[in-house]
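Text of entry11.cif, listed as mmCIF, C-alpha atoms:
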data_entry
#
loop_
_atom_site.group_PDB
_atom_site.id
_atom_site.type_symbol
_atom_site.label_atom_id
_atom_site.label_comp_id
_atom_site.auth_asym_id
_atom_site.auth_seq_id
_atom_site.Cartn_x
_atom_site.Cartn_y
_atom_site.Cartn_z
ATOM 1 C CA MET I 1 0.000 0.000 0.000
ATOM 2 C CA ALA I 2 1.432 3.386 -1.003
ATOM 3 C CA LYS I 3 2.032 6.031 1.615
ATOM 4 C CA SER I 4 0.123 9.259 1.257
ATOM 5 C CA GLY I 5 1.668 12.671 1.632
ATOM 6 C CA LYS I 6 4.599 14.410 0.009
ATOM 7 C CA ARG I 7 7.110 12.336 -1.891
ATOM 8 C CA LYS I 8 10.547 13.236 -3.119
ATOM 9 C CA ALA I 9 11.394 12.819 -6.765
ATOM 10 C CA SER I 10 13.275 9.653 -7.527
ATOM 11 C CA GLY I 11 15.163 8.232 -10.460
ATOM 12 C CA ALA I 12 15.414 10.470 -13.499
ATOM 13 C CA LEU I 13 13.351 13.233 -11.882
ATOM 14 C CA ALA I 14 15.670 13.514 -8.896
ATOM 15 C CA ASP I 15 18.566 14.320 -11.240
ATOM 16 C CA SER I 16 16.674 16.517 -13.712
ATOM 17 C CA PRO I 17 17.539 20.222 -13.378
ATOM 18 C CA SER I 18 14.559 21.200 -15.527
ATOM 19 C CA HIS I 19 12.163 19.213 -13.356
ATOM 20 C CA LEU I 20 13.666 20.456 -10.103
ATOM 21 C CA LEU I 21 13.637 24.070 -11.284
ATOM 22 C CA HIS I 22 10.004 23.676 -12.324
ATOM 23 C CA ARG I 23 9.119 22.315 -8.886
ATOM 24 C CA ALA I 24 11.031 25.160 -7.229
ATOM 25 C CA LEU I 25 9.146 27.669 -9.399
ATOM 26 C CA GLN I 26 5.825 26.119 -8.408
ATOM 27 C CA ALA I 27 6.748 26.405 -4.732
ATOM 28 C CA ALA I 28 7.985 29.990 -5.141
ATOM 29 C CA LEU I 29 4.845 31.082 -6.990
ATOM 30 C CA GLY I 30 2.725 29.464 -4.274
ATOM 31 C CA VAL I 31 4.546 31.462 -1.594
ATOM 32 C CA PHE I 32 4.240 34.603 -3.747
ATOM 33 C CA VAL I 33 0.449 34.227 -3.988
ATOM 34 C CA GLU I 34 0.131 33.458 -0.267
ATOM 35 C CA GLU I 35 2.112 36.576 0.670
ATOM 36 C CA THR I 36 0.676 38.975 -1.911
ATOM 37 C CA GLY I 37 -2.903 37.786 -2.162
ATOM 38 C CA ALA I 38 -4.662 36.155 -5.082
ATOM 39 C CA SER I 39 -6.273 39.414 -6.211
ATOM 40 C CA ALA I 40 -2.982 41.334 -6.212
ATOM 41 C CA LEU I 41 -0.520 41.567 -9.076
ATOM 42 C CA THR I 42 0.996 38.348 -10.348
ATOM 43 C CA GLN I 43 4.751 37.864 -10.132
ATOM 44 C CA ARG I 44 5.152 38.736 -13.820
ATOM 45 C CA GLN I 45 2.927 41.804 -13.561
ATOM 46 C CA PHE I 46 5.024 42.983 -10.632
ATOM 47 C CA ALA I 47 8.252 42.351 -12.580
ATOM 48 C CA LEU I 48 6.938 44.274 -15.585
ATOM 49 C CA LEU I 49 5.802 47.234 -13.463
ATOM 50 C CA ALA I 50 9.067 47.293 -11.515
ATOM 51 C CA ALA I 51 11.147 47.211 -14.712
ATOM 52 C CA ALA I 52 9.021 49.893 -16.384
ATOM 53 C CA ALA I 53 9.383 52.089 -13.295
ATOM 54 C CA GLU I 54 13.160 51.594 -13.064
ATOM 55 C CA LEU I 55 13.975 52.161 -16.737
ATOM 56 C CA GLU I 56 13.675 55.497 -18.494
ATOM 57 C CA ALA I 57 11.074 55.256 -21.282
ATOM 58 C CA PRO I 58 11.627 51.535 -21.901
ATOM 59 C CA SER I 59 10.744 49.915 -25.205
ATOM 60 C CA GLN I 60 9.334 46.398 -25.372
ATOM 61 C CA THR I 61 12.844 45.146 -26.171
ATOM 62 C CA ASP I 62 14.204 46.881 -23.050
ATOM 63 C CA LEU I 63 11.499 45.221 -20.952
ATOM 64 C CA VAL I 64 12.139 41.775 -22.462
ATOM 65 C CA THR I 65 15.818 42.168 -21.554
ATOM 66 C CA ALA I 66 15.078 43.435 -18.036
ATOM 67 C CA THR I 67 12.424 40.871 -17.107
ATOM 68 C CA GLY I 68 13.286 37.777 -19.129
ATOM 69 C CA ILE I 69 9.662 37.553 -20.227
ATOM 70 C CA ASP I 70 9.484 36.468 -23.868
ATOM 71 C CA ARG I 71 8.408 39.083 -26.416
ATOM 72 C CA SER I 72 4.942 37.724 -27.230
ATOM 73 C CA THR I 73 4.029 37.123 -23.585
ATOM 74 C CA LEU I 74 5.298 40.565 -22.645
ATOM 75 C CA ALA I 75 3.229 42.189 -25.429
ATOM 76 C CA GLU I 76 0.092 40.408 -24.238
ATOM 77 C CA LEU I 77 0.815 41.195 -20.588
ATOM 78 C CA THR I 78 1.496 44.854 -21.402
ATOM 79 C CA ALA I 79 -1.786 45.136 -23.323
ATOM 80 C CA ARG I 80 -3.739 43.707 -20.377
ATOM 81 C CA MET I 81 -1.994 46.048 -17.936
ATOM 82 C CA ILE I 82 -2.732 49.017 -20.202
ATOM 83 C CA ALA I 83 -6.405 47.973 -20.222
ATOM 84 C CA LYS I 84 -6.312 47.886 -16.403
ATOM 85 C CA GLY I 85 -4.819 51.395 -16.300
ATOM 86 C CA LEU I 86 -1.472 50.335 -14.793
ATOM 87 C CA LEU I 87 0.677 51.111 -17.846
ATOM 88 C CA GLU I 88 0.392 53.345 -20.882
ATOM 89 C CA ARG I 89 2.150 53.465 -24.228
ATOM 90 C CA GLU I 90 3.505 56.554 -25.884
ATOM 91 C CA ARG I 91 5.627 57.405 -28.913
ATOM 92 C CA SER I 92 9.353 57.214 -28.305
ATOM 93 C CA ALA I 93 11.031 60.605 -28.105
ATOM 94 C CA THR I 94 14.098 59.177 -29.859
ATOM 95 C CA ASP I 95 12.517 56.892 -32.493
ATOM 96 C CA GLY I 96 9.260 57.938 -34.128
ATOM 97 C CA ARG I 97 8.545 54.334 -35.176
ATOM 98 C CA ALA I 98 8.855 52.917 -31.674
ATOM 99 C CA LYS I 99 6.636 53.116 -28.641
ATOM 100 C CA THR I 100 7.687 53.172 -25.023
ATOM 101 C CA VAL I 101 5.877 52.100 -21.880
ATOM 102 C CA ARG I 102 5.250 54.227 -18.833
ATOM 103 C CA VAL I 103 3.829 53.377 -15.420
ATOM 104 C CA THR I 104 0.624 55.290 -14.680
ATOM 105 C CA PRO I 105 -0.091 56.788 -11.252
ATOM 106 C CA ALA I 106 -2.380 53.793 -10.569
ATOM 107 C CA GLY I 107 0.433 51.452 -11.630
ATOM 108 C CA ALA I 108 2.910 53.225 -9.352
ATOM 109 C CA GLU I 109 0.444 52.919 -6.469
ATOM 110 C CA ALA I 110 -0.069 49.193 -7.138
ATOM 111 C CA LEU I 111 3.698 48.680 -7.401
ATOM 112 C CA GLU I 112 4.411 50.404 -4.090
ATOM 113 C CA ALA I 113 1.614 48.481 -2.353
ATOM 114 C CA MET I 114 3.178 45.239 -3.585
ATOM 115 C CA ARG I 115 6.814 45.916 -2.669
ATOM 116 C CA PRO I 116 6.573 44.902 1.030
ATOM 117 C CA ARG I 117 4.512 41.822 0.129
ATOM 118 C CA VAL I 118 7.035 40.732 -2.498
ATOM 119 C CA LYS I 119 9.854 41.332 -0.035
ATOM 120 C CA ALA I 120 8.044 39.101 2.480
ATOM 121 C CA ALA I 121 7.587 36.389 -0.175
ATOM 122 C CA ASP I 122 11.262 36.560 -1.146
ATOM 123 C CA LYS I 123 12.321 36.394 2.502
ATOM 124 C CA ARG I 124 10.085 33.391 3.060
ATOM 125 C CA ILE I 125 11.423 31.599 -0.015
ATOM 126 C CA LEU I 126 15.026 32.197 1.031
ATOM 127 C CA SER I 127 14.238 31.025 4.565
ATOM 128 C CA LEU I 128 13.836 27.535 3.122
ATOM 129 C CA LEU I 129 17.620 27.471 2.642
ATOM 130 C CA PRO I 130 20.362 27.560 5.284
ATOM 131 C CA LYS I 131 21.633 31.141 5.767
ATOM 132 C CA PRO I 132 25.144 30.420 4.460
ATOM 133 C CA LYS I 133 23.694 29.092 1.169
ATOM 134 C CA ARG I 134 21.322 31.974 0.344
ATOM 135 C CA GLU I 135 23.762 34.389 -1.306
ATOM 136 C CA GLY I 136 25.268 31.638 -3.432
ATOM 137 C CA PHE I 137 21.796 30.426 -4.401
ATOM 138 C CA LEU I 138 20.826 33.896 -5.642
ATOM 139 C CA LYS I 139 24.066 34.163 -7.624
ATOM 140 C CA LEU I 140 23.461 30.767 -9.239
ATOM 141 C CA LEU I 141 19.893 31.703 -10.169
ATOM 142 C CA ALA I 142 21.124 34.964 -11.700
ATOM 143 C CA ARG I 143 23.804 33.074 -13.623
ATOM 144 C CA LEU I 144 21.259 30.601 -14.995
ATOM 145 C CA GLY I 145 18.979 33.457 -16.046
ATOM 146 C CA GLU I 146 21.814 35.350 -17.715
ATOM 147 C CA ALA I 147 23.069 32.250 -19.525
ATOM 148 C CA SER I 148 19.593 31.534 -20.844
ATOM 149 C CA ALA I 149 19.138 35.132 -22.041
ATOM 150 C CA GLN I 150 22.496 35.137 -23.829
ATOM 151 C CA GLU I 151 22.070 31.802 -25.602
ATOM 152 C CA PRO I 152 21.492 32.407 -29.315
ATOM 153 C CA PRO I 153 18.398 30.691 -30.761
ATOM 154 C CA SER I 154 20.614 28.657 -33.118
ATOM 155 C CA ALA I 155 22.288 27.043 -30.079
ATOM 156 C CA ARG I 156 18.981 25.665 -28.877
ATOM 157 C CA GLY I 157 18.387 22.086 -29.752
ATOM 158 C CA PRO I 158 15.275 19.983 -30.133
ATOM 159 C CA GLY I 159 12.324 21.182 -28.118
ATOM 160 C CA ASP I 160 13.000 24.850 -28.802
ATOM 161 C CA GLY I 161 9.344 25.546 -29.531
ATOM 162 C CA LYS I 162 9.734 25.663 -33.310
ATOM 163 C CA THR I 163 7.887 23.473 -35.776
ATOM 164 C CA LYS I 164 9.748 20.847 -37.799
ATOM 165 C CA LYS I 165 9.662 23.099 -40.837
ATOM 166 C CA GLY I 166 11.318 25.833 -38.745
ATOM 167 C CA LYS I 167 8.934 28.567 -39.782
ATOM 168 C CA GLY I 168 8.909 30.027 -36.283
ATOM 169 C CA LYS I 169 5.459 28.841 -35.358
ATOM 170 C CA SER I 170 5.205 27.556 -31.858
ATOM 171 C CA LYS I 171 3.860 24.077 -31.157
ATOM 172 C CA LYS I 172 2.259 25.338 -27.976
ATOM 173 C CA SER I 173 -1.362 26.285 -27.681
ATOM 174 C CA GLY I 174 -3.178 27.885 -24.818
ATOM 175 C CA PRO I 175 -2.011 30.764 -22.623
ATOM 176 C CA ALA I 176 1.279 32.367 -23.567
ATOM 177 C CA ASP I 177 2.488 31.904 -20.000
ATOM 178 C CA PRO I 178 1.049 29.026 -17.976
ATOM 179 C CA ALA I 179 2.349 30.623 -14.751
ATOM 180 C CA GLU I 180 0.366 33.758 -15.541
ATOM 181 C CA PRO I 181 -3.299 33.367 -14.575
ATOM 182 C CA PRO I 182 -5.886 35.110 -16.708
ATOM 183 C CA VAL I 183 -6.342 38.747 -15.798
ATOM 184 C CA THR I 184 -9.799 40.232 -15.665
ATOM 185 C CA ALA I 185 -10.195 43.936 -16.104
#
Is it possible to give me this structure as structure tokens?
Amino acid sequence: MAKSGKRKASGALADSPSHLLHRALQAALGVFVEETGASALTQRQFALLAAAAELEAPSQTDLVTATGIDRSTLAELTARMIAKGLLERERSATDGRAKTVRVTPAGAEALEAMRPRVKAADKRILSLLPKPKREGFLKLLARLGEASAQEPPSARGPGDGKTKKGKGKSKKSGPADPAEPPVTA
């Protein structure tokens, strides 16, 4: 008879970085929602607002670079946040063809209300690790994120989200970001 309760991964899963990172992300997002509230901004919405607030007149490309959110997901997320009145688009002062994103007063208010909650979530996530390991853990996560962002698409192997014909169409269907719940205006 099988035991009920939490089980540790075994076999191939126990040694799979992709699986373990996915599980860690699930746990982190769970803590994030518990600390910030289900009706508050999602982690990605917070990241987008924070990046838009920190950068001077960021373009979509600037925001993709700052957040690590892929271009199509970021475009969809930005459009939803514009509809909610948290962001607005305007013509770039330096490139008439481009548009930049700006945080609205309502967006700035939502961002500031979230900062202590996000800090509490981050503190709680890090508390799962021994104190001497926390700084190194953050450095390793940053290194993984930077390596992924710098990897050219041609270096990606099978499973890169492209069709066999390589026409750039994604095999995926459904929401652009499964970690991003639907947003209602």
Looking at I:Ala79, I:Leu140, I:Val31, I:Ala50, which one is nearest to Lys123 of chain I, with distances taken over only C-alpha atoms?
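Checking each of I:Ala79, I:Leu140, I:Val31, I:Ala50 against Lys123 of chain I, counting only C-alpha atoms, the winner is I:Val31.
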Determine, counting only C-alpha atoms, every residue of protein, DNA or RNA that lies within 9 Å of (6.8, 51.7, -12.9) in the file coordinates, then give the result as a ChimeraX atom specification.
/I:48-55,86-87,102-105,107-108,111
Once the PyMOL selection byres ((chain I and resi 65) around 12) is applied to the coordinates I shared, what remains selected? I want it as a CSV table (one decimal) with C-alpha atoms, in the coordinates of the input.
chain,number,residue,atom,x,y,z
I,47,ALA,CA,8.3,42.4,-12.6
I,48,LEU,CA,6.9,44.3,-15.6
I,51,ALA,CA,11.1,47.2,-14.7
I,52,ALA,CA,9.0,49.9,-16.4
I,55,LEU,CA,14.0,52.2,-16.7
I,58,PRO,CA,11.6,51.5,-21.9
I,59,SER,CA,10.7,49.9,-25.2
I,60,GLN,CA,9.3,46.4,-25.4
I,61,THR,CA,12.8,45.1,-26.2
I,62,ASP,CA,14.2,46.9,-23.0
I,63,LEU,CA,11.5,45.2,-21.0
I,64,VAL,CA,12.1,41.8,-22.5
I,66,ALA,CA,15.1,43.4,-18.0
I,67,THR,CA,12.4,40.9,-17.1
I,68,GLY,CA,13.3,37.8,-19.1
I,69,ILE,CA,9.7,37.6,-20.2
I,70,ASP,CA,9.5,36.5,-23.9
I,71,ARG,CA,8.4,39.1,-26.4
I,74,LEU,CA,5.3,40.6,-22.6
I,145,GLY,CA,19.0,33.5,-16.0
I,146,GLU,CA,21.8,35.4,-17.7
I,148,SER,CA,19.6,31.5,-20.8
I,149,ALA,CA,19.1,35.1,-22.0
I,150,GLN,CA,22.5,35.1,-23.8
Six-sided padding of 3 Å per side, axis-aligned box over segment 105-111 of chain I, centre and edges in Å, one decimal, as AutoDock Vina command-line options:
--center_x 0.7 --center_y 52.7 --center_z -9.0 --size_x 12.1 --size_y 14.1 --size_z 11.2
Neighbour list for Asp122 of chain I as a ChimeraX atom specification, cut-off 12 Å, only C-alpha atoms, skip fewer than 6 positions in-chain:
/I:27-36,43,115-116,128-129,134,138
How would the residues just chosen look if you wrote them out with C-alpha atoms as an mmCIF file, keeping the file's coordinate frame?
data_model
loop_
_atom_site.group_PDB
_atom_site.id
_atom_site.type_symbol
_atom_site.label_atom_id
_atom_site.label_comp_id
_atom_site.auth_asym_id
_atom_site.auth_seq_id
_atom_site.Cartn_x
_atom_site.Cartn_y
_atom_site.Cartn_z
ATOM 1 C CA ALA I 27 6.748 26.405 -4.732
ATOM 2 C CA ALA I 28 7.985 29.990 -5.141
ATOM 3 C CA LEU I 29 4.845 31.082 -6.990
ATOM 4 C CA GLY I 30 2.725 29.464 -4.274
ATOM 5 C CA VAL I 31 4.546 31.462 -1.594
ATOM 6 C CA PHE I 32 4.240 34.603 -3.747
ATOM 7 C CA VAL I 33 0.449 34.227 -3.988
ATOM 8 C CA GLU I 34 0.131 33.458 -0.267
ATOM 9 C CA GLU I 35 2.112 36.576 0.670
ATOM 10 C CA THR I 36 0.676 38.975 -1.911
ATOM 11 C CA GLN I 43 4.751 37.864 -10.132
ATOM 12 C CA ARG I 115 6.814 45.916 -2.669
ATOM 13 C CA PRO I 116 6.573 44.902 1.030
ATOM 14 C CA LEU I 128 13.836 27.535 3.122
ATOM 15 C CA LEU I 129 17.620 27.471 2.642
ATOM 16 C CA ARG I 134 21.322 31.974 0.344
ATOM 17 C CA LEU I 138 20.826 33.896 -5.642
#
All residues 8 Å or closer to Arg89 of chain I, all atoms listed in the file, same chain fewer than 2 positions away omitted, as a tab-separated table (two decimals) with C-alpha atoms, in the frame of the given file:
chain	number	residue	atom	x	y	z
I	82	ILE	CA	-2.73	49.02	-20.20
I	87	LEU	CA	0.68	51.11	-17.85
I	91	ARG	CA	5.63	57.40	-28.91
I	99	LYS	CA	6.64	53.12	-28.64
I	100	THR	CA	7.69	53.17	-25.02
I	101	VAL	CA	5.88	52.10	-21.88
I	102	ARG	CA	5.25	54.23	-18.83
Do you have the atom CA of Ala57 of chain I-atom CA of Ser92 of chain I distance handy?
7.5 Å
